[in-house]
file coords.cif (mmCIF, C-alpha atoms and all ligand atoms)
data_input
#
loop_
_atom_site.label_atom_id
_atom_site.label_comp_id
_atom_site.auth_asym_id
_atom_site.auth_seq_id
_atom_site.Cartn_x
_atom_site.Cartn_y
_atom_site.Cartn_z
CA MET X 1 -27.17 -42.86 14.03
CA LEU X 2 -25.30 -39.69 14.93
CA PRO X 3 -25.49 -36.72 12.49
CA SER X 4 -22.68 -35.58 10.26
CA SER X 5 -21.64 -31.97 9.80
CA SER X 6 -18.37 -31.99 7.97
CA SER X 7 -18.98 -29.84 4.86
CA PRO X 8 -18.97 -26.00 5.18
CA ASP X 9 -22.42 -25.53 3.55
CA VAL X 10 -24.10 -27.85 6.07
CA PRO X 11 -25.57 -25.93 9.02
CA PRO X 12 -23.89 -26.60 12.34
CA VAL X 13 -25.26 -29.29 14.61
CA LEU X 14 -25.80 -28.70 18.31
CA TRP X 15 -25.39 -31.82 20.45
CA ARG X 16 -26.94 -31.36 23.85
CA ASN X 17 -27.76 -33.28 27.03
CA CYS X 18 -24.46 -35.11 27.41
CA ARG X 19 -21.92 -35.63 30.19
CA LEU X 20 -18.92 -33.93 28.64
CA ALA X 21 -15.30 -34.91 29.36
CA THR X 22 -13.47 -32.26 27.31
CA MET X 23 -10.07 -33.43 28.69
CA THR X 24 -8.96 -29.77 28.75
CA HIS X 25 -8.83 -29.69 32.55
CA PRO X 26 -5.77 -31.24 34.24
CA GLU X 27 -7.97 -32.89 36.89
CA GLY X 28 -10.57 -34.03 34.34
CA ALA X 29 -13.72 -32.18 35.36
CA LEU X 30 -16.91 -33.63 33.86
CA ILE X 31 -19.52 -31.13 32.60
CA GLU X 32 -22.78 -32.72 33.76
CA ASP X 33 -25.11 -30.97 31.28
CA GLY X 34 -22.81 -30.43 28.35
CA ALA X 35 -23.19 -29.46 24.70
CA LEU X 36 -21.11 -29.35 21.53
CA MET X 37 -21.59 -27.20 18.41
CA ILE X 38 -19.95 -28.74 15.34
CA ARG X 39 -19.63 -27.03 11.96
CA ALA X 40 -17.70 -28.20 8.87
CA GLY X 41 -15.89 -30.92 10.76
CA ARG X 42 -14.60 -28.58 13.48
CA ILE X 43 -15.71 -27.95 17.04
CA GLU X 44 -17.20 -24.46 17.42
CA TYR X 45 -18.25 -24.87 21.06
CA ALA X 46 -17.75 -27.44 23.82
CA GLY X 47 -19.06 -26.67 27.31
CA SER X 48 -22.18 -26.32 29.41
CA SER X 49 -25.56 -26.36 27.68
CA ALA X 50 -26.40 -23.15 29.49
CA ASN X 51 -23.69 -21.23 27.63
CA ALA X 52 -24.11 -23.01 24.30
CA PRO X 53 -24.79 -20.90 21.17
CA ARG X 54 -28.32 -21.05 19.73
CA PRO X 55 -28.67 -23.53 16.83
CA GLU X 56 -29.52 -21.95 13.46
CA SER X 57 -32.58 -24.19 13.09
CA ALA X 58 -34.46 -26.52 15.36
CA THR X 59 -33.60 -29.46 13.11
CA ASP X 60 -29.93 -29.16 13.96
CA VAL X 61 -30.21 -30.25 17.58
CA ILE X 62 -29.37 -33.78 18.68
CA ASP X 63 -30.24 -35.04 22.17
CA LEU X 64 -27.53 -37.38 23.43
CA GLU X 65 -29.81 -38.54 26.27
CA GLY X 66 -27.26 -38.02 29.03
CA ARG X 67 -24.53 -40.17 27.48
CA LEU X 68 -20.83 -39.70 28.25
CA VAL X 69 -18.93 -37.84 25.51
CA THR X 70 -15.12 -37.81 25.29
CA PRO X 71 -12.56 -36.96 22.63
CA ALA X 72 -12.20 -39.87 20.20
CA LEU X 73 -9.43 -42.17 21.43
CA ILE X 74 -5.86 -42.06 20.12
CA ASP X 75 -3.60 -45.15 19.97
CA CYS X 76 -0.17 -43.45 19.88
CA HIS X 77 2.17 -46.48 19.65
CA THR X 78 1.43 -49.42 17.34
CA HIS X 79 3.16 -51.91 15.05
CA LEU X 80 -0.21 -52.53 13.41
CA VAL X 81 1.24 -53.28 9.96
CA HIS X 82 3.06 -56.62 9.92
CA GLY X 83 2.88 -60.05 8.34
CA GLY X 84 1.85 -63.28 10.00
CA ASN X 85 1.49 -63.88 13.73
CA ARG X 86 3.44 -65.47 16.57
CA ALA X 87 0.76 -67.79 18.01
CA ARG X 88 3.05 -70.84 17.69
CA GLU X 89 5.73 -69.01 19.63
CA PHE X 90 3.16 -68.19 22.30
CA GLU X 91 2.43 -71.91 22.60
CA MET X 92 6.16 -72.71 22.78
CA ARG X 93 6.49 -70.25 25.63
CA LEU X 94 3.54 -71.87 27.44
CA ASN X 95 5.40 -75.19 27.05
CA GLY X 96 8.38 -73.65 28.80
CA ALA X 97 10.60 -72.62 25.88
CA SER X 98 12.84 -69.63 26.63
CA TYR X 99 13.07 -66.57 24.41
CA LEU X 100 16.52 -67.79 23.39
CA GLU X 101 15.24 -71.22 22.30
CA ILE X 102 12.42 -69.50 20.41
CA ALA X 103 14.85 -67.11 18.71
CA GLU X 104 17.15 -70.02 17.82
CA ALA X 105 14.11 -71.81 16.38
CA GLY X 106 13.60 -68.82 14.09
CA GLY X 107 10.99 -67.19 16.31
CA GLY X 108 10.89 -63.64 17.66
CA ILE X 109 11.08 -60.49 15.57
CA VAL X 110 13.01 -62.46 12.91
CA SER X 111 9.96 -64.61 12.14
CA THR X 112 7.77 -61.55 11.69
CA VAL X 113 10.42 -59.97 9.47
CA LYS X 114 10.32 -63.03 7.20
CA ALA X 115 6.51 -62.95 7.05
CA THR X 116 6.43 -59.19 6.42
CA ARG X 117 9.04 -59.20 3.63
CA ALA X 118 6.96 -61.81 1.80
CA LEU X 119 3.94 -59.50 1.50
CA SER X 120 3.02 -56.79 -1.01
CA VAL X 121 1.72 -53.42 0.16
CA ALA X 122 -1.84 -54.55 -0.63
CA GLU X 123 -1.36 -57.73 1.37
CA LEU X 124 0.09 -55.78 4.31
CA VAL X 125 -2.98 -53.52 4.21
CA ALA X 126 -5.34 -56.50 4.04
CA GLN X 127 -3.70 -58.15 7.06
CA ALA X 128 -3.76 -54.88 9.06
CA LEU X 129 -7.39 -53.95 8.35
CA PRO X 130 -9.04 -56.37 10.84
CA ARG X 131 -6.74 -55.02 13.58
CA LEU X 132 -7.51 -51.44 12.61
CA ASP X 133 -11.27 -52.10 12.47
CA THR X 134 -11.14 -53.59 15.96
CA LEU X 135 -9.52 -50.42 17.32
CA LEU X 136 -11.93 -48.11 15.43
CA ALA X 137 -14.89 -50.05 16.86
CA GLU X 138 -13.72 -48.93 20.32
CA GLY X 139 -13.76 -45.23 19.44
CA VAL X 140 -10.21 -44.75 18.11
CA SER X 141 -9.91 -42.02 15.43
CA THR X 142 -6.15 -41.45 15.37
CA ILE X 143 -3.46 -44.13 15.32
CA GLU X 144 0.31 -44.22 15.01
CA ILE X 145 1.78 -46.99 12.87
CA LYS X 146 5.46 -47.92 12.78
CA SER X 147 7.65 -49.69 10.26
CA GLY X 148 10.31 -52.00 11.72
CA TYR X 149 9.58 -55.49 10.42
CA GLY X 150 11.00 -54.99 6.93
CA LEU X 151 14.67 -54.23 7.83
CA THR X 152 15.56 -53.72 4.20
CA ILE X 153 15.03 -50.35 2.52
CA GLU X 154 12.33 -51.62 0.17
CA ALA X 155 10.48 -53.60 2.83
CA GLU X 156 10.52 -50.67 5.28
CA LEU X 157 9.12 -48.39 2.55
CA ALA X 158 6.42 -50.98 1.79
CA MET X 159 5.33 -50.99 5.44
CA LEU X 160 5.08 -47.19 5.50
CA ARG X 161 3.18 -47.16 2.18
CA ALA X 162 0.75 -49.66 3.70
CA ALA X 163 0.31 -47.41 6.76
CA ARG X 164 -0.45 -44.45 4.49
CA ALA X 165 -2.91 -46.61 2.50
CA LEU X 166 -4.82 -47.47 5.68
CA GLU X 167 -5.66 -43.77 6.12
CA GLN X 168 -7.34 -43.89 2.68
CA ALA X 169 -9.11 -47.16 3.42
CA ARG X 170 -10.85 -46.10 6.66
CA PRO X 171 -12.07 -42.90 8.38
CA VAL X 172 -8.99 -42.58 10.57
CA ARG X 173 -5.96 -40.30 11.02
CA VAL X 174 -2.68 -42.20 10.65
CA LYS X 175 0.71 -40.91 11.80
CA THR X 176 3.62 -42.98 10.49
CA THR X 177 6.90 -43.67 12.26
CA TYR X 178 10.12 -44.97 10.72
CA LEU X 179 11.49 -47.77 12.93
CA ALA X 180 14.14 -49.49 10.82
CA ALA X 181 16.31 -49.30 13.98
CA HIS X 182 14.03 -51.92 15.54
CA ALA X 183 16.18 -55.04 15.26
CA LEU X 184 19.31 -56.27 13.46
CA PRO X 185 18.33 -58.54 10.54
CA ALA X 186 20.05 -61.92 10.26
CA GLU X 187 22.10 -60.79 7.25
CA TYR X 188 23.72 -58.07 9.40
CA LYS X 189 24.32 -60.20 12.54
CA GLY X 190 27.16 -58.65 14.54
CA ARG X 191 27.43 -55.71 12.04
CA SER X 192 25.09 -53.06 13.45
CA GLN X 193 27.09 -50.09 12.16
CA ALA X 194 26.98 -51.52 8.64
CA TYR X 195 23.20 -51.97 9.03
CA LEU X 196 22.86 -48.34 10.07
CA ASP X 197 25.09 -47.10 7.22
CA GLU X 198 23.63 -49.30 4.46
CA ILE X 199 19.95 -49.62 5.43
CA VAL X 200 18.66 -47.45 8.29
CA LEU X 201 20.13 -44.07 7.34
CA PRO X 202 19.77 -44.19 3.53
CA GLY X 203 16.31 -45.76 4.01
CA LEU X 204 15.25 -42.84 6.18
CA ARG X 205 16.31 -40.35 3.50
CA LEU X 206 14.34 -42.23 0.83
CA ALA X 207 11.25 -42.69 3.02
CA HIS X 208 11.31 -39.00 3.92
CA ALA X 209 11.75 -37.99 0.27
CA GLU X 210 8.62 -40.03 -0.58
CA GLY X 211 6.63 -38.30 2.19
CA LEU X 212 6.18 -41.52 4.13
CA VAL X 213 7.59 -40.44 7.52
CA ASP X 214 5.95 -38.35 10.24
CA ALA X 215 8.41 -39.32 13.03
CA VAL X 216 11.46 -41.50 13.65
CA ASP X 217 11.79 -44.16 16.37
CA GLY X 218 14.33 -46.74 17.56
CA PHE X 219 14.62 -49.62 19.98
CA CYS X 220 17.29 -48.69 22.53
CA GLU X 221 18.00 -51.97 24.32
CA SER X 222 20.81 -54.45 24.93
CA ILE X 223 19.22 -56.77 22.34
CA ALA X 224 18.78 -53.95 19.82
CA PHE X 225 20.65 -50.63 19.46
CA SER X 226 22.89 -48.62 21.80
CA PRO X 227 22.30 -44.98 22.69
CA ASP X 228 25.22 -44.00 20.42
CA GLU X 229 23.68 -45.90 17.50
CA ILE X 230 20.26 -44.36 18.16
CA ALA X 231 21.91 -40.93 18.31
CA GLN X 232 23.12 -41.41 14.70
CA VAL X 233 19.53 -42.08 13.56
CA PHE X 234 18.15 -39.14 15.57
CA THR X 235 20.82 -36.78 14.21
CA LEU X 236 19.69 -37.55 10.65
CA ALA X 237 16.04 -37.23 11.69
CA LYS X 238 16.74 -33.76 13.05
CA GLU X 239 18.64 -32.85 9.86
CA LEU X 240 15.51 -33.83 7.90
CA GLY X 241 13.28 -31.84 10.27
CA LEU X 242 11.53 -34.96 11.63
CA PRO X 243 10.47 -35.40 15.28
CA VAL X 244 11.72 -38.43 17.19
CA LYS X 245 10.42 -40.93 19.76
CA LEU X 246 12.09 -43.95 21.34
CA HIS X 247 11.44 -47.44 22.75
CA ALA X 248 13.43 -46.88 25.95
CA GLU X 249 14.18 -48.68 29.24
CA GLN X 250 11.82 -51.54 28.39
CA LEU X 251 14.02 -54.45 29.60
CA SER X 252 16.97 -52.64 31.23
CA TRP X 253 18.45 -49.18 31.84
CA LEU X 254 20.63 -47.90 28.99
CA GLY X 255 19.95 -44.16 29.15
CA GLY X 256 17.50 -44.21 26.22
CA ALA X 257 14.84 -41.99 27.81
CA ARG X 258 17.31 -39.21 28.63
CA LEU X 259 18.87 -39.55 25.17
CA ALA X 260 15.38 -39.10 23.68
CA ALA X 261 14.81 -36.08 25.92
CA SER X 262 18.14 -34.58 24.80
CA PHE X 263 16.79 -34.69 21.22
CA GLY X 264 13.50 -33.07 22.31
CA ALA X 265 11.64 -36.30 21.57
CA LEU X 266 7.86 -36.30 21.30
CA SER X 267 7.84 -39.38 23.52
CA ALA X 268 9.83 -42.08 25.23
CA ASP X 269 7.97 -45.37 25.37
CA HIS X 270 7.81 -48.45 27.68
CA LEU X 271 9.97 -46.92 30.48
CA GLU X 272 9.81 -49.82 32.97
CA TYR X 273 13.44 -49.12 34.01
CA ILE X 274 13.56 -45.32 34.13
CA ASP X 275 14.88 -43.47 37.18
CA GLU X 276 14.21 -40.06 38.76
CA ASP X 277 16.77 -38.29 36.56
CA ASP X 278 15.13 -39.72 33.44
CA ALA X 279 11.74 -38.36 34.57
CA ARG X 280 13.35 -34.97 35.29
CA ALA X 281 14.99 -34.89 31.84
CA MET X 282 11.74 -35.87 30.11
CA ALA X 283 9.83 -33.16 32.00
CA ALA X 284 12.38 -30.51 31.00
CA ALA X 285 12.14 -31.56 27.35
CA GLY X 286 8.34 -31.89 27.28
CA THR X 287 8.75 -35.53 26.28
CA VAL X 288 5.62 -37.63 26.85
CA ALA X 289 5.91 -40.94 28.74
CA VAL X 290 4.07 -43.57 26.70
CA LEU X 291 3.17 -46.54 28.93
CA LEU X 292 2.61 -49.90 27.25
CA PRO X 293 0.99 -52.27 29.76
CA GLY X 294 0.13 -54.85 27.10
CA ALA X 295 3.83 -55.65 26.59
CA PHE X 296 4.42 -55.62 30.37
CA TYR X 297 1.60 -58.17 30.72
CA ALA X 298 2.45 -60.40 27.74
CA ILE X 299 6.14 -60.83 28.57
CA ARG X 300 5.30 -61.13 32.29
CA GLU X 301 7.58 -58.25 33.16
CA THR X 302 7.81 -57.54 36.89
CA LYS X 303 9.49 -54.11 36.91
CA LYS X 304 6.83 -51.36 36.68
CA PRO X 305 7.49 -47.84 35.34
CA ASP X 306 8.12 -45.31 38.12
CA VAL X 307 4.75 -43.56 37.77
CA ALA X 308 5.30 -41.68 41.05
CA ALA X 309 8.46 -40.05 39.60
CA LEU X 310 6.63 -39.21 36.37
CA ARG X 311 3.87 -37.60 38.44
CA ARG X 312 6.35 -35.72 40.65
CA HIS X 313 7.94 -34.17 37.58
CA LYS X 314 4.58 -33.66 35.81
CA VAL X 315 5.62 -35.74 32.81
CA PRO X 316 2.50 -36.20 30.66
CA MET X 317 1.62 -39.91 30.52
CA ALA X 318 0.03 -41.61 27.53
CA VAL X 319 -1.29 -45.19 27.32
CA SER X 320 -1.20 -47.28 24.15
CA THR X 321 -1.70 -50.85 22.96
CA ASP X 322 1.81 -51.29 21.44
CA CYS X 323 -0.11 -53.62 19.10
CA ASN X 324 2.58 -55.97 17.76
CA PRO X 325 2.63 -59.73 17.04
CA GLY X 326 5.29 -60.59 19.59
CA THR X 327 5.13 -58.79 22.92
CA SER X 328 1.72 -57.11 22.73
CA PRO X 329 -0.83 -58.73 20.38
CA LEU X 330 -3.41 -56.32 21.85
CA THR X 331 -6.04 -54.49 19.80
CA SER X 332 -8.09 -52.98 22.62
CA LEU X 333 -7.23 -49.50 23.89
CA LEU X 334 -9.98 -49.88 26.50
CA LEU X 335 -8.21 -52.97 27.87
CA ALA X 336 -4.87 -51.10 27.71
CA MET X 337 -6.44 -48.45 29.96
CA ASN X 338 -7.65 -51.13 32.38
CA MET X 339 -4.14 -52.65 32.46
CA ALA X 340 -2.52 -49.23 33.01
CA ALA X 341 -4.81 -48.69 36.00
CA THR X 342 -4.55 -52.23 37.37
CA PHE X 343 -0.82 -52.85 36.82
CA PHE X 344 0.68 -49.33 36.95
CA GLY X 345 -1.79 -47.62 39.30
CA LEU X 346 -2.89 -44.87 36.93
CA THR X 347 -6.09 -43.07 37.91
CA VAL X 348 -9.16 -43.16 35.65
CA HIS X 349 -8.45 -39.60 34.58
CA GLU X 350 -4.79 -40.40 33.84
CA CYS X 351 -5.90 -43.36 31.72
CA LEU X 352 -8.38 -41.28 29.72
CA ALA X 353 -5.93 -38.38 29.38
CA GLY X 354 -3.40 -41.02 28.28
CA THR X 355 -5.55 -42.11 25.33
CA THR X 356 -6.71 -38.60 24.35
CA ARG X 357 -4.84 -35.37 25.25
CA ASN X 358 -1.45 -36.86 26.09
CA ALA X 359 -1.59 -39.37 23.25
CA ALA X 360 -2.18 -36.41 20.90
CA ARG X 361 0.85 -34.71 22.46
CA ALA X 362 2.95 -37.84 21.87
CA LEU X 363 2.12 -37.53 18.16
CA GLY X 364 2.58 -33.75 17.89
CA LEU X 365 -1.18 -33.39 17.30
CA ILE X 366 -2.32 -31.47 20.38
CA ASP X 367 -3.37 -28.45 18.27
CA GLU X 368 -5.61 -30.68 16.10
CA THR X 369 -7.20 -33.31 18.32
CA GLY X 370 -7.13 -35.02 21.71
CA THR X 371 -9.41 -32.57 23.56
CA LEU X 372 -12.92 -31.17 22.92
CA GLU X 373 -12.46 -27.44 22.49
CA ALA X 374 -13.27 -24.79 19.88
CA GLY X 375 -11.09 -24.88 16.79
CA LYS X 376 -10.14 -28.55 16.97
CA SER X 377 -11.16 -31.37 14.70
CA ALA X 378 -14.53 -32.87 15.66
CA ASP X 379 -13.09 -36.24 16.67
CA ILE X 380 -15.57 -37.42 19.26
CA ALA X 381 -16.66 -40.62 21.02
CA VAL X 382 -20.15 -41.07 22.47
CA TRP X 383 -20.47 -43.85 25.05
CA ASN X 384 -23.41 -45.82 26.43
CA CYS X 385 -22.34 -45.03 29.95
CA ALA X 386 -22.35 -42.11 32.38
CA LEU X 387 -18.85 -42.13 33.93
CA PRO X 388 -15.29 -42.24 32.55
CA ALA X 389 -14.59 -44.94 35.15
CA GLU X 390 -16.92 -47.26 33.21
CA LEU X 391 -14.51 -47.07 30.25
CA VAL X 392 -11.55 -48.23 32.37
CA TYR X 393 -13.01 -50.74 34.84
CA ARG X 394 -14.71 -53.18 32.45
CA ILE X 395 -12.64 -56.00 30.94
CA GLY X 396 -13.62 -57.06 27.42
CA PHE X 397 -16.72 -54.87 27.06
CA ASN X 398 -17.15 -52.10 24.49
CA PRO X 399 -19.68 -49.39 25.49
CA LEU X 400 -19.20 -47.26 22.35
CA HIS X 401 -22.43 -45.70 21.08
CA GLY X 402 -20.95 -43.75 18.16
CA ARG X 403 -17.66 -42.40 16.79
CA ILE X 404 -17.33 -39.08 14.97
CA PHE X 405 -14.25 -38.36 12.87
CA LYS X 406 -13.77 -34.83 11.49
CA GLY X 407 -17.47 -34.20 12.15
CA LYS X 408 -18.62 -37.26 10.20
CA THR X 409 -20.21 -40.45 11.48
CA PRO X 410 -18.25 -43.19 9.69
N1 LIG N 501 9.75 -53.72 21.97
C1 LIG N 501 8.83 -54.68 21.95
O1 LIG N 501 8.27 -55.17 22.91
C2 LIG N 501 8.55 -55.03 20.53
N2 LIG N 501 9.45 -54.20 19.84
C3 LIG N 501 10.11 -53.44 20.71
O2 LIG N 501 10.91 -52.58 20.39
C4 LIG N 501 8.79 -56.48 20.22
C5 LIG N 501 8.33 -56.73 18.83
C6 LIG N 501 8.23 -58.21 18.52
O3 LIG N 501 8.55 -59.04 19.40
O4 LIG N 501 7.77 -58.49 17.40
FE FE N 502 6.62 -50.97 20.35
#

call {"tool": "encode", "arguments": {"input": "coords.cif", "output": "structure tokens", "more": "lines below"}}
Ligand code: DI6
Ligand code: FE
result
Amino acid sequence: MLPSSSSPDVPPVLWRNCRLATMTHPEGALIEDGALMIRAGRIEYAGSSANAPRPESATDVIDLEGRLVTPALIDCHTHLVHGGNRAREFEMRLNGASYLEIAEAGGGIVSTVKATRALSVAELVAQALPRLDTLLAEGVSTIEIKSGYGLTIEAELAMLRAARALEQARPVRVKTTYLAAHALPAEYKGRSQAYLDEIVLPGLRLAHAEGLVDAVDGFCESIAFSPDEIAQVFTLAKELGLPVKLHAEQLSWLGGARLAASFGALSADHLEYIDEDDARAMAAAGTVAVLLPGAFYAIRETKKPDVAALRRHKVPMAVSTDCNPGTSPLTSLLLAMNMAATFFGLTVHECLAGTTRNAARALGLIDETGTLEAGKSADIAVWNCALPAELVYRIGFNPLHGRIFKGKTP
């Protein structure tokens, strides 16, 4: 059991004899004989044992026996709160049904909307907890959770209230994202402007007034909302002082990524269909590229994001599960890293940076977490392995030894 040192009157704890991946170095240097000093839930020192401060008493030294230590993982793009599942639809697809046939049979996002609207906040929390616990068991300490399956004002607020409640129910940091511009509900078929005017925009004002919104997102796609429609949502977000992010270029090119960049978005996500100019615009805006290999895999997409262009323009890349019941029923950030490496060619360091430092950036949290350095929250993962590559290469194996959140062992 790892020690806790979260309250100010508790003496600091020195953790020594670990292989430290602070994730502060662009190339991901590993400190072979590393140490951490943690006091009152914050990191006071992270670096070589040789330069570590002396502990105030011999009892406050913990030997990590050479284990790998990284920042706790961050899942920066999830639809974790939702009702029901889409297993039957999965089976229909295996039997050859097309997305259109499934949609016409009441499948797709519409079926999750129906299941979500039927649930209370408490029931939404209860259905999300097993998914959250699975992610926490793999060393996740920060998670982003979107609305987007309610599609009425009250149901969108309920989803965000459930997301906030999850932060009280578990030792985890939750960032919420308003995604009413996710899909057009059946009652507004063919009337997207009316949906924006009557639901999305007034709902955003109410959600913000209740303190439920940390960022605003949209689905910019031919089957969802146009750049002009997304721009209306982002304009209100900016008026309310909220950061934005966007599901962009997932199934086609519409100009979503560069629209997001023009609004100074925290991130643009999916990005299978971006081009060089999109990467350039994202780099100029400091917009993080969030790659979602689980959705690429589950829908059997063939077009891969242009990682070479993102690298050329030094666009920070994050990796996330996109945990959602339809296109990415994935609750393993370790497997998401393996997929990002295997499908998209990311390096081990890019994968680990993608679930720590750059994921923190995608949530506007880089000053609080995502790297191991003095002043930041003591959000730490200790692994029963020696190399970061062991976190990415295994498929379906969890080497977590212990997770520390704000200096406390949950
Ligand atoms: N892109 C996706 O892949 C999911 N949402 C989005 O904007 C699909 C969500 C679902 O199918 O339930
Ligand atoms: Fe998504």

call {"tool": "closest_atom_pairs", "arguments": {"input": "coords.cif", "of": "chain X", "to": "ligand LIG 501 (chain N)", "cutoff": "10 Å", "atoms": "only C-alpha atoms and all ligand atoms", "output": "Markdown table"}}
result
| residue | atom | partner | partner_atom | distance |
| --- | --- | --- | --- | --- |
| X:Thr78 | CA | N:LIG501 | C2 | 9.6 |
| X:His79 | CA | N:LIG501 | C5 | 8.0 |
| X:His82 | CA | N:LIG501 | O4 | 9.0 |
| X:Asn85 | CA | N:LIG501 | O4 | 9.1 |
| X:Arg86 | CA | N:LIG501 | O4 | 8.3 |
| X:Gly107 | CA | N:LIG501 | O3 | 9.1 |
| X:Gly108 | CA | N:LIG501 | O3 | 5.4 |
| X:Ile109 | CA | N:LIG501 | O4 | 4.3 |
| X:Val110 | CA | N:LIG501 | O4 | 8.0 |
| X:Ser111 | CA | N:LIG501 | O4 | 8.4 |
| X:Thr112 | CA | N:LIG501 | O4 | 6.5 |
| X:Val113 | CA | N:LIG501 | O4 | 8.5 |
| X:Gly148 | CA | N:LIG501 | N2 | 8.5 |
| X:Tyr149 | CA | N:LIG501 | O4 | 7.8 |
| X:Leu179 | CA | N:LIG501 | O2 | 8.9 |
| X:Ala181 | CA | N:LIG501 | O2 | 9.0 |
| X:His182 | CA | N:LIG501 | O2 | 5.8 |
| X:Ala183 | CA | N:LIG501 | O2 | 7.8 |
| X:Asp217 | CA | N:LIG501 | O2 | 9.4 |
| X:Gly218 | CA | N:LIG501 | O2 | 7.3 |
| X:Phe219 | CA | N:LIG501 | O2 | 4.8 |
| X:Cys220 | CA | N:LIG501 | O2 | 7.8 |
| X:Glu221 | CA | N:LIG501 | O2 | 8.1 |
| X:Ile223 | CA | N:LIG501 | O2 | 9.5 |
| X:Ala224 | CA | N:LIG501 | O2 | 8.0 |
| X:Phe225 | CA | N:LIG501 | O2 | 10.0 |
| X:Leu246 | CA | N:LIG501 | O2 | 8.8 |
| X:His247 | CA | N:LIG501 | O2 | 5.7 |
| X:Ala248 | CA | N:LIG501 | O2 | 8.4 |
| X:Glu249 | CA | N:LIG501 | N1 | 9.9 |
| X:Gln250 | CA | N:LIG501 | N1 | 7.1 |
| X:Leu251 | CA | N:LIG501 | N1 | 8.8 |
| X:Asp269 | CA | N:LIG501 | N1 | 9.2 |
| X:His270 | CA | N:LIG501 | N1 | 8.0 |
| X:Leu292 | CA | N:LIG501 | O1 | 8.9 |
| X:Gly294 | CA | N:LIG501 | O1 | 9.2 |
| X:Ala295 | CA | N:LIG501 | O1 | 5.8 |
| X:Phe296 | CA | N:LIG501 | O1 | 8.4 |
| X:Ala298 | CA | N:LIG501 | O1 | 9.2 |
| X:Ile299 | CA | N:LIG501 | O1 | 8.3 |
| X:Asp322 | CA | N:LIG501 | O1 | 7.7 |
| X:Cys323 | CA | N:LIG501 | C2 | 8.9 |
| X:Asn324 | CA | N:LIG501 | O4 | 5.8 |
| X:Pro325 | CA | N:LIG501 | O4 | 5.3 |
| X:Gly326 | CA | N:LIG501 | O3 | 3.6 |
| X:Thr327 | CA | N:LIG501 | O1 | 4.8 |
| X:Ser328 | CA | N:LIG501 | O1 | 6.8 |
| X:Pro329 | CA | N:LIG501 | O4 | 9.1 |

call {"tool": "residues_around", "arguments": {"input": "coords.cif", "residues": "stretch 340-354 of chain X", "least_positions_apart": "2", "cutoff": "9 Å", "atoms": "all atoms listed in the file", "output": "JSON, numbers by chain"}}
result
{"X": [23, 26, 27, 28, 70, 73, 74, 290, 291, 292, 293, 294, 296, 297, 304, 305, 306, 307, 316, 317, 318, 319, 320, 335, 336, 337, 338, 356, 357, 358, 359, 360, 370, 371, 388, 389, 391, 392, 393]}

call {"tool": "atom_distance", "arguments": {"input": "coords.cif", "atom1": "atom CA of X:Ala137", "atom2": "atom CA of X:Ile404"}}
result
11.4 Å

call {"tool": "closest_residue", "arguments": {"input": "coords.cif", "among": "X:Ser147, X:Ser252, X:Ser377, X:Thr302", "to": "ligand FE 502 (chain N)", "atoms": "all atoms listed in the file"}}
result
X:Ser147

call {"tool": "atom_distance", "arguments": {"input": "coords.cif", "atom1": "atom CA of X:Glu104", "atom2": "atom CA of X:Met92"}}
result
12.4 Å

call {"tool": "atom_distance", "arguments": {"input": "coords.cif", "atom1": "atom CA of X:Asp275", "atom2": "atom CA of X:Lys303"}}
result
11.9 Å

call {"tool": "closest_residue", "arguments": {"input": "coords.cif", "among": "X:Ile153, X:Cys76, X:Ile230, X:Met159", "to": "ligand FE 502 (chain N)", "atoms": "all atoms listed in the file"}}
result
X:Cys76

call {"tool": "residues_around", "arguments": {"input": "coords.cif", "residues": "X:Ala374", "least_positions_apart": "2", "cutoff": "6 Å", "atoms": "only C-alpha atoms", "output": "short mmCIF file (atom, residue, chain, number, x, y, z; two decimals) with C-alpha atoms, in the frame of the given file"}}
result
data_model
loop_
_atom_site.label_atom_id
_atom_site.label_comp_id
_atom_site.auth_asym_id
_atom_site.auth_seq_id
_atom_site.Cartn_x
_atom_site.Cartn_y
_atom_site.Cartn_z
CA ILE X 43 -15.71 -27.95 17.04
CA GLU X 44 -17.20 -24.46 17.42
CA TYR X 45 -18.25 -24.87 21.06
CA LYS X 376 -10.14 -28.55 16.97
#

call {"tool": "residues_around", "arguments": {"input": "coords.cif", "residues": "X:Leu236", "least_positions_apart": "4", "cutoff": "9 Å", "atoms": "only C-alpha atoms", "output": "ChimeraX atom specification"}}
result
/X:201,204-205,231-232,240-242

call {"tool": "closest_residue", "arguments": {"input": "coords.cif", "among": "X:Leu119, X:Leu135, X:Ala40, X:Val81", "to": "ligand FE 502 (chain N)", "atoms": "all atoms listed in the file"}}
result
X:Val81

call {"tool": "build_atoms", "arguments": {"input": "coords.cif", "residues": "stretch 80-84 of chain X", "atoms": "N, CA and C atoms", "output": "mmCIF file, keeping the file's coordinate frame"}}
result
data_model
loop_
_atom_site.group_PDB
_atom_site.id
_atom_site.type_symbol
_atom_site.label_atom_id
_atom_site.label_comp_id
_atom_site.auth_asym_id
_atom_site.auth_seq_id
_atom_site.Cartn_x
_atom_site.Cartn_y
_atom_site.Cartn_z
ATOM 1 N N LEU X 80 1.003 -51.926 13.972
ATOM 2 C CA LEU X 80 -0.210 -52.530 13.410
ATOM 3 C C LEU X 80 0.031 -53.234 12.089
ATOM 4 N N VAL X 81 0.939 -52.668 11.263
ATOM 5 C CA VAL X 81 1.240 -53.280 9.960
ATOM 6 C C VAL X 81 2.345 -54.313 10.154
ATOM 7 N N HIS X 82 2.052 -55.555 9.849
ATOM 8 C CA HIS X 82 3.060 -56.620 9.920
ATOM 9 C C HIS X 82 2.470 -57.869 9.277
ATOM 10 N N GLY X 83 3.362 -58.808 8.932
ATOM 11 C CA GLY X 83 2.880 -60.050 8.340
ATOM 12 C C GLY X 83 2.817 -61.154 9.375
ATOM 13 N N GLY X 84 1.908 -62.072 9.175
ATOM 14 C CA GLY X 84 1.850 -63.280 10.000
ATOM 15 C C GLY X 84 1.492 -63.025 11.442
#
